[in-house]
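A short worksheet on the structure shown next.
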Amino acid sequence: MLCAGLPSWDEGAGLDFSRAARPGLIRGVILETWASLEREPGRASILLRSSLRRHSRSLGSKGRKLASRILYGMIRHGAVLEFLLGSDEKSVEPGLRRMLALLVLARCISPGSAAAQLPGQDFSPLWRAPDELARRAARIQPVHAMAVGGSLPSWVARQWLGVLGGEAPRFLAALVSRPRVAIRVNRNFGDRDCLARRLSSEGLGTRPSNLSPDCLLVDGHPDLHLLSSFREGFFEIQDEGSQMVAQLWERGPGSRVLDFCAGAGGKSLAMAASGARVWALDVRPAALRTLTRRAHRARLSIRTDILSPGGLVPVPPDWADTVLVDAPCSGSGVLRRHPEYRFALGREAVHSMQRRQREILRRALEVLRPGGHLVYATCSLLRQENQGQVEWLLAEYPDLSRCGALGNPGDDGLLWPHRTGTDGFFAVILRRRG
Ligand SMILES: C[S@@+](CC[C@H](N)C(=O)[O-])C[C@H]1O[C@@H](n2cnc3c(N)ncnc32)[C@H](O)[C@@H]1O
C-alpha cells in the first residue's frame with residue numbers, strides 16, 4: 001500500500017532543473033510559492049495558479065511547466081516524503097527540504113547532492129524508496145499506510161480503506177497517476193467518428209470511450225487549445241465522468257434544465273449540445289462569462305444569470321424539469337488532477353462544505369416542478385458530501401424519492417478512478433412527486 005503512492009518513472013524523469021534555462025529562478029519560484037502555501041493552505045489552488053501565472057513570462061513555458069510539476073509533486077507525495085525523511089519540525093527550510101526530497105525520490109539528484117544543499121539531512125532513504133517502504137510497511141497499521149501512501153488525512157484514509165478494502169492500493173495508484181485526456185464532441189458540428197477523422201488530419205490519435213457516447217480519449221497529453229478544430233468549436237475538453245453526469249437530465253421534447261452551479265459550463269454545454277434548454281446560474285460572474293464565451297464558440301444558446309448568495313433565485317417557481325446541482329465540494333475525487341485539494345480535506349472544512357451544499361439544495365428545490373428530477377452531483381468521494389446528503393434530502397423532503405444514479409448499480413452513484421479511469425464523481429437522481 002505504501003508503495004502504491006510512489007511516482008512512476010514517467011513522472012520522475014526530467015524533474016531536475018539544474019540544466020534548465022534559469023535554474024535559480026525556478027528554484028526561487030518553487031520556494032516562494034511553497035512558503036505562501038504553508039502560510040495559507042486553505043488558498044492553495046489560488047496561490048499556486050497566481051504564483052505560476054505571475055512568473056509565467058520570466059520562467060518561459062518550459063520553466064513554468066517544470067516548476068508546476070515539482071510543486072504538485074511536493075504536495076502529491078508529501079506524506080511519503082516526510083515519512084521517509086523522518087520528522088523535522090524545526091527545519092528552517094521546510095520547502096527546500098521537501099523539494100530536494102522529491103528530486104531524490106524521483107532519482108533526479110543523488111542523496112549526496114541534496115545533502116550538499118541542506119547539510120545535516122539524510123536523504124538516502126528516499127533513494128531506496130521502494131525497498132525502504134516495503135520494509136517499513138510491515139510495522140504500521142493499514143490506515144496509516146493508506147494515509148501516507150496517498151498523502152491523505154487519516155480520517156479520509158480510514159473511510160476509503162473501509163469502502164475499498166483490498167482495492168485500496170489500486171485506488172492510491174490511480175490517485176497519483178496522470179489523468180488521460182478526454183474530449184466531448186460538439187454534436188452541432190458532427191458525430192464522434194467525424195471528429196476523430198478531423199483530429200487525425202491534425203496529427204492526433206484518439207479512441208472512442210466505452211463510458212460516454214460523445215467522448216474520445218486522446219493519445220498522450222497534447223495542448224489541445226492550439227488546434228484549429230478546438231478554436232472552431234468542434235469539441236470541448238471534459239473528463240469522461242463529467243460527461244456521464246451531464247447525461248442524467250430528464251429527456252423530453254423541450255426539456256428545461258436548470259444548472260444551479262454551472263461554473264464555466266462544462267455540464268451546461270454538454271446538456272445544451274444534446275438538446276436540453278439550459279438556464280445556467282452561478283455565484284461567480286467571471287465563470288458565467290467564460291460559459292457564454294464557450295457557448296458562443298460551440299454555437300449553442302444558454303441563458304445565464306448571476307445568483308446573489310442570499311437573494312432570490314431569478315427563475316420562476318416550477319420552471320425546471322431537471323435541476324442539476326453540481327455542488328461545490330472538497331474535490332476529493334479529482335486529487336490526481338488537483339493534488340492541492342488535499343489541503344481542504346480537514347474534517348471541519350468538509351463539515352462547512354456540507355452545510356453550504358444543503359443551503360444550495362434548499363434553494364435549488366424551490367424551482368423544481370412537481371414530477372421533475374433533481375440531479376445531485378459532486379466530484380467528491382466522501383460519504384459526508386454524497387450518500388450522507390442524499391439521506392438528508394430524503395428525510396427533509398418526503399416528496400423526493402431516489403430514481404437513478406451514476407455508474408454501475410453496485411457503486412451507489414460513485415465513479416472510482418481505479419475502476420473506470422475517470423475522475424472520481426458522485427451523482428444521484430431524485431424525483432419530486434408529481
Ligand atoms: C463543481 S463546480 C461546478 C462545475 C460546473 N458545473 C462544470 O461542469 O463545469 C461548483 C460551482 O458552484 C458554484 N457555487 C458556489 N457556491 C454557490 C452557491 N451558493 N450557489 C450556486 N453556485 C455556487 C461555484 O462558483 C462553482 O462554479
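Naming scheme: A, B, ... for chains in displayed order of the C-alpha cells; residues 1 onward per chain; ligands 1 onward as shown.
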
**OP:** With a distance cut-off of 9 Å and only C-alpha atoms, select the neighbouring residues of segment 96-104 of chain A, excluding the residue or stretch itself and same-chain residues fewer than 4 positions from it, and output the selection as a PyMOL selection string.
**Re:** chain A and resi 12+15-16+27+30-31+34+70-71+73-74+77-78+81-82+84-85+91+108-111+114-115+117-118+121+123-124+126-127

**OP:** Around ligand 1, at most 7 Å away and counting only C-alpha atoms and all ligand atoms, which residues are there? Put them as a list in words, please.
**Re:** Ser242, Phe260, Cys261, Ala262, Gly263, Ala264, Gly265, Gly266, Lys267, Ser268, Leu281, Asp282, Val283, Arg284, Ala287, Leu307, Pro309, Asp326, Ala327, Pro328, Cys329, Arg356, Ile360, Thr378 and Cys379 of chain A

Could those selected residues go to a file with N, CA and C atoms, as a PDB file, in the first residue's frame?
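As a result, result29.pdb now contains:
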```pdb
ATOM      1  N   SER A 242     -17.395  13.579 -15.944  1.00  0.00           N
ATOM      2  CA  SER A 242     -18.206  14.790 -16.009  1.00  0.00           C
ATOM      3  C   SER A 242     -19.224  14.662 -17.155  1.00  0.00           C
ATOM      4  N   PHE A 260     -27.747  24.756 -11.603  1.00  0.00           N
ATOM      5  CA  PHE A 260     -27.746  25.702 -10.487  1.00  0.00           C
ATOM      6  C   PHE A 260     -26.337  26.157 -10.105  1.00  0.00           C
ATOM      7  N   CYS A 261     -25.338  25.325 -10.353  1.00  0.00           N
ATOM      8  CA  CYS A 261     -23.932  25.657 -10.019  1.00  0.00           C
ATOM      9  C   CYS A 261     -23.138  25.458 -11.297  1.00  0.00           C
ATOM     10  N   ALA A 262     -23.410  26.283 -12.288  1.00  0.00           N
ATOM     11  CA  ALA A 262     -22.931  25.989 -13.652  1.00  0.00           C
ATOM     12  C   ALA A 262     -21.447  26.242 -13.843  1.00  0.00           C
ATOM     13  N   GLY A 263     -20.836  27.108 -13.018  1.00  0.00           N
ATOM     14  CA  GLY A 263     -19.416  27.423 -13.179  1.00  0.00           C
ATOM     15  C   GLY A 263     -19.135  27.870 -14.604  1.00  0.00           C
ATOM     16  N   ALA A 264     -18.026  27.383 -15.153  1.00  0.00           N
ATOM     17  CA  ALA A 264     -17.660  27.777 -16.519  1.00  0.00           C
ATOM     18  C   ALA A 264     -18.397  26.939 -17.557  1.00  0.00           C
ATOM     19  N   GLY A 265     -19.311  26.075 -17.112  1.00  0.00           N
ATOM     20  CA  GLY A 265     -20.280  25.500 -18.038  1.00  0.00           C
ATOM     21  C   GLY A 265     -19.979  24.138 -18.629  1.00  0.00           C
ATOM     22  N   GLY A 266     -19.013  23.399 -18.072  1.00  0.00           N
ATOM     23  CA  GLY A 266     -18.717  22.074 -18.631  1.00  0.00           C
ATOM     24  C   GLY A 266     -19.984  21.264 -18.879  1.00  0.00           C
ATOM     25  N   LYS A 267     -20.832  21.174 -17.859  1.00  0.00           N
ATOM     26  CA  LYS A 267     -22.020  20.316 -17.997  1.00  0.00           C
ATOM     27  C   LYS A 267     -23.151  21.041 -18.727  1.00  0.00           C
ATOM     28  N   SER A 268     -23.286  22.343 -18.506  1.00  0.00           N
ATOM     29  CA  SER A 268     -24.315  23.104 -19.249  1.00  0.00           C
ATOM     30  C   SER A 268     -24.125  22.926 -20.747  1.00  0.00           C
ATOM     31  N   LEU A 281     -26.909  29.095 -13.776  1.00  0.00           N
ATOM     32  CA  LEU A 281     -26.715  30.051 -12.678  1.00  0.00           C
ATOM     33  C   LEU A 281     -25.390  29.779 -11.985  1.00  0.00           C
ATOM     34  N   ASP A 282     -24.823  30.803 -11.404  1.00  0.00           N
ATOM     35  CA  ASP A 282     -23.653  30.614 -10.547  1.00  0.00           C
ATOM     36  C   ASP A 282     -23.444  31.894  -9.757  1.00  0.00           C
ATOM     37  N   VAL A 283     -22.703  31.773  -8.651  1.00  0.00           N
ATOM     38  CA  VAL A 283     -22.396  32.983  -7.869  1.00  0.00           C
ATOM     39  C   VAL A 283     -21.186  33.717  -8.423  1.00  0.00           C
ATOM     40  N   ARG A 284     -20.465  33.119  -9.386  1.00  0.00           N
ATOM     41  CA  ARG A 284     -19.230  33.748  -9.911  1.00  0.00           C
ATOM     42  C   ARG A 284     -19.477  34.312 -11.315  1.00  0.00           C
ATOM     43  N   ALA A 287     -17.037  33.198 -14.073  1.00  0.00           N
ATOM     44  CA  ALA A 287     -17.239  31.837 -14.598  1.00  0.00           C
ATOM     45  C   ALA A 287     -18.355  31.846 -15.642  1.00  0.00           C
ATOM     46  N   LEU A 307     -26.270  34.416  -9.472  1.00  0.00           N
ATOM     47  CA  LEU A 307     -27.013  34.194  -8.230  1.00  0.00           C
ATOM     48  C   LEU A 307     -26.372  35.036  -7.145  1.00  0.00           C
ATOM     49  N   PRO A 309     -25.760  35.362  -3.257  1.00  0.00           N
ATOM     50  CA  PRO A 309     -25.822  34.320  -2.235  1.00  0.00           C
ATOM     51  C   PRO A 309     -27.097  34.337  -1.387  1.00  0.00           C
ATOM     52  N   ASP A 326     -24.581  20.638  -9.270  1.00  0.00           N
ATOM     53  CA  ASP A 326     -23.215  20.099  -9.332  1.00  0.00           C
ATOM     54  C   ASP A 326     -22.445  20.906  -8.281  1.00  0.00           C
ATOM     55  N   ALA A 327     -22.568  20.455  -7.060  1.00  0.00           N
ATOM     56  CA  ALA A 327     -22.267  21.320  -5.914  1.00  0.00           C
ATOM     57  C   ALA A 327     -20.780  21.588  -5.714  1.00  0.00           C
ATOM     58  N   PRO A 328     -20.470  22.769  -5.158  1.00  0.00           N
ATOM     59  CA  PRO A 328     -19.091  22.977  -4.707  1.00  0.00           C
ATOM     60  C   PRO A 328     -18.781  21.927  -3.642  1.00  0.00           C
ATOM     61  N   CYS A 329     -17.574  21.384  -3.657  1.00  0.00           N
ATOM     62  CA  CYS A 329     -17.260  20.270  -2.742  1.00  0.00           C
ATOM     63  C   CYS A 329     -15.765  20.255  -2.445  1.00  0.00           C
ATOM     64  N   ARG A 356     -22.925  24.180   3.320  1.00  0.00           N
ATOM     65  CA  ARG A 356     -23.124  25.013   2.121  1.00  0.00           C
ATOM     66  C   ARG A 356     -23.915  24.237   1.068  1.00  0.00           C
ATOM     67  N   ILE A 360     -27.575  25.256  -0.686  1.00  0.00           N
ATOM     68  CA  ILE A 360     -27.758  25.321  -2.148  1.00  0.00           C
ATOM     69  C   ILE A 360     -28.906  24.400  -2.571  1.00  0.00           C
ATOM     70  N   THR A 378     -21.373  15.628  -7.181  1.00  0.00           N
ATOM     71  CA  THR A 378     -20.141  16.243  -6.669  1.00  0.00           C
ATOM     72  C   THR A 378     -18.949  15.558  -7.343  1.00  0.00           C
ATOM     73  N   CYS A 379     -17.783  16.198  -7.227  1.00  0.00           N
ATOM     74  CA  CYS A 379     -16.559  15.495  -7.635  1.00  0.00           C
ATOM     75  C   CYS A 379     -15.809  15.091  -6.369  1.00  0.00           C
TER      76      CYS A 379
END
```

Show me a table, sorted first by chain and then by increasing residue number, of the residues of segment 162-242 of chain A having an atom at most 7 Å from segment 418-428 of chain A, each with its shortest atom pair and the distance in Å to one decimal, counting only C-alpha atoms and written as CSV.
```
residue,atom,partner,partner_atom,distance
A:Arg170,CA,A:His418,CA,6.1
A:Phe171,CA,A:His418,CA,5.1
A:Ala174,CA,A:His418,CA,5.3
A:Asp239,CA,A:Thr422,CA,6.7
A:Glu240,CA,A:Thr422,CA,5.8
A:Gly241,CA,A:Thr422,CA,5.4
```

Output file for the residues above (N, CA and C atoms, as a CSV table (one decimal), in the first residue's frame):
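Written output follows (result-v7.csv):
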```csv
chain,number,residue,atom,x,y,z
A,170,ARG,N,-4.8,-0.1,-5.6
A,170,ARG,CA,-5.1,0.3,-7.0
A,170,ARG,C,-5.6,1.7,-7.0
A,171,PHE,N,-6.5,2.0,-6.0
A,171,PHE,CA,-7.1,3.3,-5.9
A,171,PHE,C,-6.0,4.4,-5.7
A,174,ALA,N,-4.1,5.1,-8.7
A,174,ALA,CA,-4.9,6.0,-9.6
A,174,ALA,C,-4.8,7.4,-9.1
A,239,ASP,N,-13.6,15.7,-18.8
A,239,ASP,CA,-13.4,14.3,-18.3
A,239,ASP,C,-14.7,13.4,-18.6
A,240,GLU,N,-14.4,12.1,-18.8
A,240,GLU,CA,-15.5,11.2,-19.1
A,240,GLU,C,-16.5,11.2,-18.0
A,241,GLY,N,-16.1,11.3,-16.8
A,241,GLY,CA,-17.0,11.2,-15.6
A,241,GLY,C,-17.9,12.4,-15.7
```

So which residues touch Leu152 of chain A within 12 Å, counting only C-alpha atoms, skipping near sequence neighbours fewer than 2 positions away, as a PDB file with N, CA and C atoms, in the first residue's frame?
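Listed below is the output, around.pdb:
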```
ATOM      1  N   LEU A   2       1.923   1.224   0.848  1.00  0.00           N
ATOM      2  CA  LEU A   2       2.787   2.401   0.910  1.00  0.00           C
ATOM      3  C   LEU A   2       3.401   2.724  -0.444  1.00  0.00           C
ATOM      4  N   GLY A   5       1.625   4.738  -3.705  1.00  0.00           N
ATOM      5  CA  GLY A   5       1.605   6.184  -3.943  1.00  0.00           C
ATOM      6  C   GLY A   5       2.903   6.740  -4.495  1.00  0.00           C
ATOM      7  N   ILE A  75       3.386  18.257  -3.188  1.00  0.00           N
ATOM      8  CA  ILE A  75       2.112  18.111  -2.472  1.00  0.00           C
ATOM      9  C   ILE A  75       1.622  16.668  -2.581  1.00  0.00           C
ATOM     10  N   ARG A  76       1.616  16.156  -3.812  1.00  0.00           N
ATOM     11  CA  ARG A  76       1.044  14.832  -4.089  1.00  0.00           C
ATOM     12  C   ARG A  76       1.730  13.741  -3.275  1.00  0.00           C
ATOM     13  N   HIS A  77       3.060  13.846  -3.131  1.00  0.00           N
ATOM     14  CA  HIS A  77       3.813  12.796  -2.447  1.00  0.00           C
ATOM     15  C   HIS A  77       4.277  13.255  -1.067  1.00  0.00           C
ATOM     16  N   GLY A  78       3.629  14.334  -0.564  1.00  0.00           N
ATOM     17  CA  GLY A  78       4.106  14.968   0.665  1.00  0.00           C
ATOM     18  C   GLY A  78       4.290  14.002   1.822  1.00  0.00           C
ATOM     19  N   ALA A  79       3.281  13.161   2.090  1.00  0.00           N
ATOM     20  CA  ALA A  79       3.375  12.311   3.283  1.00  0.00           C
ATOM     21  C   ALA A  79       4.436  11.228   3.108  1.00  0.00           C
ATOM     22  N   VAL A  80       4.598  10.720   1.877  1.00  0.00           N
ATOM     23  CA  VAL A  80       5.634   9.706   1.633  1.00  0.00           C
ATOM     24  C   VAL A  80       7.007  10.332   1.884  1.00  0.00           C
ATOM     25  N   VAL A 143      -4.330   1.655   7.971  1.00  0.00           N
ATOM     26  CA  VAL A 143      -4.865   3.021   7.798  1.00  0.00           C
ATOM     27  C   VAL A 143      -3.718   4.026   7.677  1.00  0.00           C
ATOM     28  N   HIS A 144      -2.683   3.810   8.483  1.00  0.00           N
ATOM     29  CA  HIS A 144      -1.528   4.706   8.421  1.00  0.00           C
ATOM     30  C   HIS A 144      -0.848   4.580   7.049  1.00  0.00           C
ATOM     31  N   ALA A 145      -0.739   3.324   6.570  1.00  0.00           N
ATOM     32  CA  ALA A 145      -0.110   3.106   5.258  1.00  0.00           C
ATOM     33  C   ALA A 145      -0.910   3.807   4.158  1.00  0.00           C
ATOM     34  N   MET A 146      -2.234   3.731   4.268  1.00  0.00           N
ATOM     35  CA  MET A 146      -3.105   4.383   3.271  1.00  0.00           C
ATOM     36  C   MET A 146      -2.918   5.904   3.342  1.00  0.00           C
ATOM     37  N   ALA A 147      -2.858   6.436   4.572  1.00  0.00           N
ATOM     38  CA  ALA A 147      -2.726   7.882   4.744  1.00  0.00           C
ATOM     39  C   ALA A 147      -1.390   8.369   4.167  1.00  0.00           C
ATOM     40  N   VAL A 148      -0.329   7.593   4.418  1.00  0.00           N
ATOM     41  CA  VAL A 148       0.988   8.001   3.920  1.00  0.00           C
ATOM     42  C   VAL A 148       1.054   7.809   2.403  1.00  0.00           C
ATOM     43  N   GLY A 149       0.627   6.629   1.936  1.00  0.00           N
ATOM     44  CA  GLY A 149       0.710   6.325   0.501  1.00  0.00           C
ATOM     45  C   GLY A 149      -0.032   7.336  -0.351  1.00  0.00           C
ATOM     46  N   GLY A 150      -1.178   7.838   0.151  1.00  0.00           N
ATOM     47  CA  GLY A 150      -1.974   8.771  -0.654  1.00  0.00           C
ATOM     48  C   GLY A 150      -1.816  10.210  -0.200  1.00  0.00           C
ATOM     49  N   SER A 154      -5.817  11.127   8.098  1.00  0.00           N
ATOM     50  CA  SER A 154      -6.135   9.738   8.466  1.00  0.00           C
ATOM     51  C   SER A 154      -7.635   9.453   8.471  1.00  0.00           C
ATOM     52  N   TRP A 155      -8.474  10.460   8.742  1.00  0.00           N
ATOM     53  CA  TRP A 155      -9.914  10.148   8.743  1.00  0.00           C
ATOM     54  C   TRP A 155     -10.409   9.814   7.331  1.00  0.00           C
ATOM     55  N   VAL A 156      -9.804  10.455   6.324  1.00  0.00           N
ATOM     56  CA  VAL A 156     -10.183  10.170   4.931  1.00  0.00           C
ATOM     57  C   VAL A 156      -9.655   8.779   4.546  1.00  0.00           C
ATOM     58  N   ALA A 157      -8.404   8.504   4.941  1.00  0.00           N
ATOM     59  CA  ALA A 157      -7.810   7.201   4.639  1.00  0.00           C
ATOM     60  C   ALA A 157      -8.659   6.085   5.252  1.00  0.00           C
ATOM     61  N   ARG A 158      -9.123   6.297   6.496  1.00  0.00           N
ATOM     62  CA  ARG A 158      -9.918   5.262   7.183  1.00  0.00           C
ATOM     63  C   ARG A 158     -11.222   5.011   6.421  1.00  0.00           C
ATOM     64  N   GLN A 159     -11.868   6.098   6.015  1.00  0.00           N
ATOM     65  CA  GLN A 159     -13.154   5.951   5.317  1.00  0.00           C
ATOM     66  C   GLN A 159     -12.964   5.189   3.998  1.00  0.00           C
ATOM     67  N   TRP A 160     -11.962   5.575   3.214  1.00  0.00           N
ATOM     68  CA  TRP A 160     -11.780   4.945   1.900  1.00  0.00           C
ATOM     69  C   TRP A 160     -11.290   3.500   2.028  1.00  0.00           C
ATOM     70  N   LEU A 161     -10.442   3.271   3.015  1.00  0.00           N
ATOM     71  CA  LEU A 161      -9.981   1.896   3.225  1.00  0.00           C
ATOM     72  C   LEU A 161     -11.167   1.008   3.597  1.00  0.00           C
ATOM     73  N   LEU A 172      -5.032   4.050  -4.746  1.00  0.00           N
ATOM     74  CA  LEU A 172      -3.943   5.001  -4.464  1.00  0.00           C
ATOM     75  C   LEU A 172      -3.104   5.242  -5.709  1.00  0.00           C
ATOM     76  N   LEU A 175      -4.792   7.566  -7.824  1.00  0.00           N
ATOM     77  CA  LEU A 175      -4.836   8.909  -7.238  1.00  0.00           C
ATOM     78  C   LEU A 175      -3.579   9.718  -7.541  1.00  0.00           C
ATOM     79  N   VAL A 176      -2.463   9.035  -7.777  1.00  0.00           N
ATOM     80  CA  VAL A 176      -1.238   9.784  -8.081  1.00  0.00           C
ATOM     81  C   VAL A 176      -0.856   9.670  -9.562  1.00  0.00           C
ATOM     82  N   SER A 332     -12.398  15.852  -3.506  1.00  0.00           N
ATOM     83  CA  SER A 332     -11.577  14.676  -3.168  1.00  0.00           C
ATOM     84  C   SER A 332     -11.561  13.636  -4.295  1.00  0.00           C
ATOM     85  N   LEU A 335      -8.273  14.463  -6.984  1.00  0.00           N
ATOM     86  CA  LEU A 335      -6.942  14.730  -6.412  1.00  0.00           C
ATOM     87  C   LEU A 335      -5.823  14.452  -7.399  1.00  0.00           C
ATOM     88  N   PRO A 339      -3.782  17.966  -6.928  1.00  0.00           N
ATOM     89  CA  PRO A 339      -3.246  17.433  -5.673  1.00  0.00           C
ATOM     90  C   PRO A 339      -3.419  18.412  -4.509  1.00  0.00           C
ATOM     91  N   GLU A 340      -3.481  19.700  -4.819  1.00  0.00           N
ATOM     92  CA  GLU A 340      -3.549  20.702  -3.749  1.00  0.00           C
ATOM     93  C   GLU A 340      -4.890  20.684  -3.012  1.00  0.00           C
ATOM     94  N   TYR A 341      -5.912  20.012  -3.563  1.00  0.00           N
ATOM     95  CA  TYR A 341      -7.185  19.927  -2.840  1.00  0.00           C
ATOM     96  C   TYR A 341      -7.029  19.141  -1.536  1.00  0.00           C
ATOM     97  N   ARG A 342      -5.905  18.413  -1.398  1.00  0.00           N
ATOM     98  CA  ARG A 342      -5.625  17.739  -0.125  1.00  0.00           C
ATOM     99  C   ARG A 342      -5.664  18.711   1.049  1.00  0.00           C
ATOM    100  N   PHE A 343      -5.265  19.955   0.794  1.00  0.00           N
ATOM    101  CA  PHE A 343      -5.239  20.928   1.882  1.00  0.00           C
ATOM    102  C   PHE A 343      -6.653  21.234   2.397  1.00  0.00           C
ATOM    103  N   ALA A 344      -7.679  20.898   1.612  1.00  0.00           N
ATOM    104  CA  ALA A 344      -9.055  21.232   2.022  1.00  0.00           C
ATOM    105  C   ALA A 344      -9.777  20.014   2.591  1.00  0.00           C
ATOM    106  N   LEU A 345      -9.020  18.999   2.996  1.00  0.00           N
ATOM    107  CA  LEU A 345      -9.673  17.774   3.451  1.00  0.00           C
ATOM    108  C   LEU A 345      -9.725  17.664   4.978  1.00  0.00           C
ATOM    109  N   GLY A 346      -9.674  18.806   5.652  1.00  0.00           N
ATOM    110  CA  GLY A 346      -9.842  18.766   7.109  1.00  0.00           C
ATOM    111  C   GLY A 346     -11.302  18.445   7.418  1.00  0.00           C
ATOM    112  N   ARG A 347     -11.531  17.828   8.587  1.00  0.00           N
ATOM    113  CA  ARG A 347     -12.913  17.472   8.965  1.00  0.00           C
ATOM    114  C   ARG A 347     -13.811  18.705   8.989  1.00  0.00           C
TER     115      ARG A 347
END
```

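You can rank A:Val315, A:Ile237, A:Val367, A:Leu374 by their closest distance to Leu269 of chain A using only C-alpha atoms, and at the top of that list sits A:Ile237.
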
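Considering only C-alpha atoms, the residue among A:Tyr72, A:Tyr376, A:Phe234, A:Trp392 positioned nearest to Ala196 of chain A is A:Phe234.
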
**OP:** Identify which of the residues A:Ala67, A:Ala273, A:Leu258, A:Leu381 lies closest to Arg49 of chain A, counting only C-alpha atoms when measuring atom-to-atom distances.
**Re:** A:Ala67

Original post:
If you run DSSP on the backbone, which residues of segment 59-253 of chain A are alpha helix (DSSP H), as a ChimeraX atom specification?
Top reply: /A:59-76,78-85,94-105,111-117,124-127,129-137,142-149,154-164,168-175,192-201,228-231,240-245

**OP:** For segment 300-304 of chain A, please output as a PyMOL selection string all residues within 10 Å (counting only C-alpha atoms; exclusion window: fewer than 4 positions along the same chain).
**Re:** chain A and resi 186+188+258-259+262+265+268-270+272-273+275-282+285+288-289+291-292+294-296

Subject >> Residues within 12 Å of Arg135 of chain A, only C-alpha atoms, excluding chain neighbours under 3 positions, as a ChimeraX atom specification >> reply: /A:1-3,84,125,128-132,138-140

Could you save those same residues with N, CA and C atoms as a short mmCIF file (atom, residue, chain, number, x, y, z; two decimals), in the first residue's frame?
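This went into part.cif:
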```cif
data_model
loop_
_atom_site.label_atom_id
_atom_site.label_comp_id
_atom_site.auth_asym_id
_atom_site.auth_seq_id
_atom_site.Cartn_x
_atom_site.Cartn_y
_atom_site.Cartn_z
N MET A 1 0.83 -1.21 0.00
CA MET A 1 0.00 0.00 0.00
C MET A 1 0.87 1.27 0.00
N LEU A 2 1.92 1.22 0.85
CA LEU A 2 2.79 2.40 0.91
C LEU A 2 3.40 2.72 -0.44
N CYS A 3 3.78 1.65 -1.16
CA CYS A 3 4.46 1.86 -2.45
C CYS A 3 3.50 2.33 -3.53
N LEU A 84 9.62 9.16 4.90
CA LEU A 84 10.96 8.63 4.65
C LEU A 84 12.06 9.53 5.24
N PRO A 125 17.26 7.43 2.51
CA PRO A 125 16.08 6.54 2.45
C PRO A 125 15.21 6.80 1.22
N ARG A 128 16.26 4.83 -1.80
CA ARG A 128 15.91 3.40 -1.75
C ARG A 128 14.41 3.25 -1.50
N ALA A 129 13.60 4.23 -1.95
CA ALA A 129 12.20 4.32 -1.51
C ALA A 129 11.41 3.00 -1.59
N PRO A 130 11.37 2.29 -2.74
CA PRO A 130 10.51 1.10 -2.78
C PRO A 130 10.91 0.08 -1.71
N ASP A 131 12.22 -0.20 -1.59
CA ASP A 131 12.67 -1.19 -0.59
C ASP A 131 12.41 -0.69 0.82
N GLU A 132 12.71 0.58 1.02
CA GLU A 132 12.57 1.17 2.35
C GLU A 132 11.09 1.14 2.78
N ALA A 138 5.44 -3.30 6.98
CA ALA A 138 5.02 -4.37 7.88
C ALA A 138 4.83 -3.85 9.30
N ARG A 139 5.46 -2.70 9.61
CA ARG A 139 5.43 -2.24 11.01
C ARG A 139 4.30 -1.24 11.28
N ILE A 140 3.54 -0.87 10.25
CA ILE A 140 2.50 0.15 10.51
C ILE A 140 1.11 -0.37 10.15
#
```

**OP:** Give the strand (DSSP E) residues of segment 252-312 of chain A, as DSSP finds them on the backbone, and put them as a PyMOL selection string.
**Re:** chain A and resi 256-259+277-282+303-306

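Computed from the coordinates, the atom CA of Leu368 of chain A to atom CA of Ser308 of chain A distance equals 18.9 Å.
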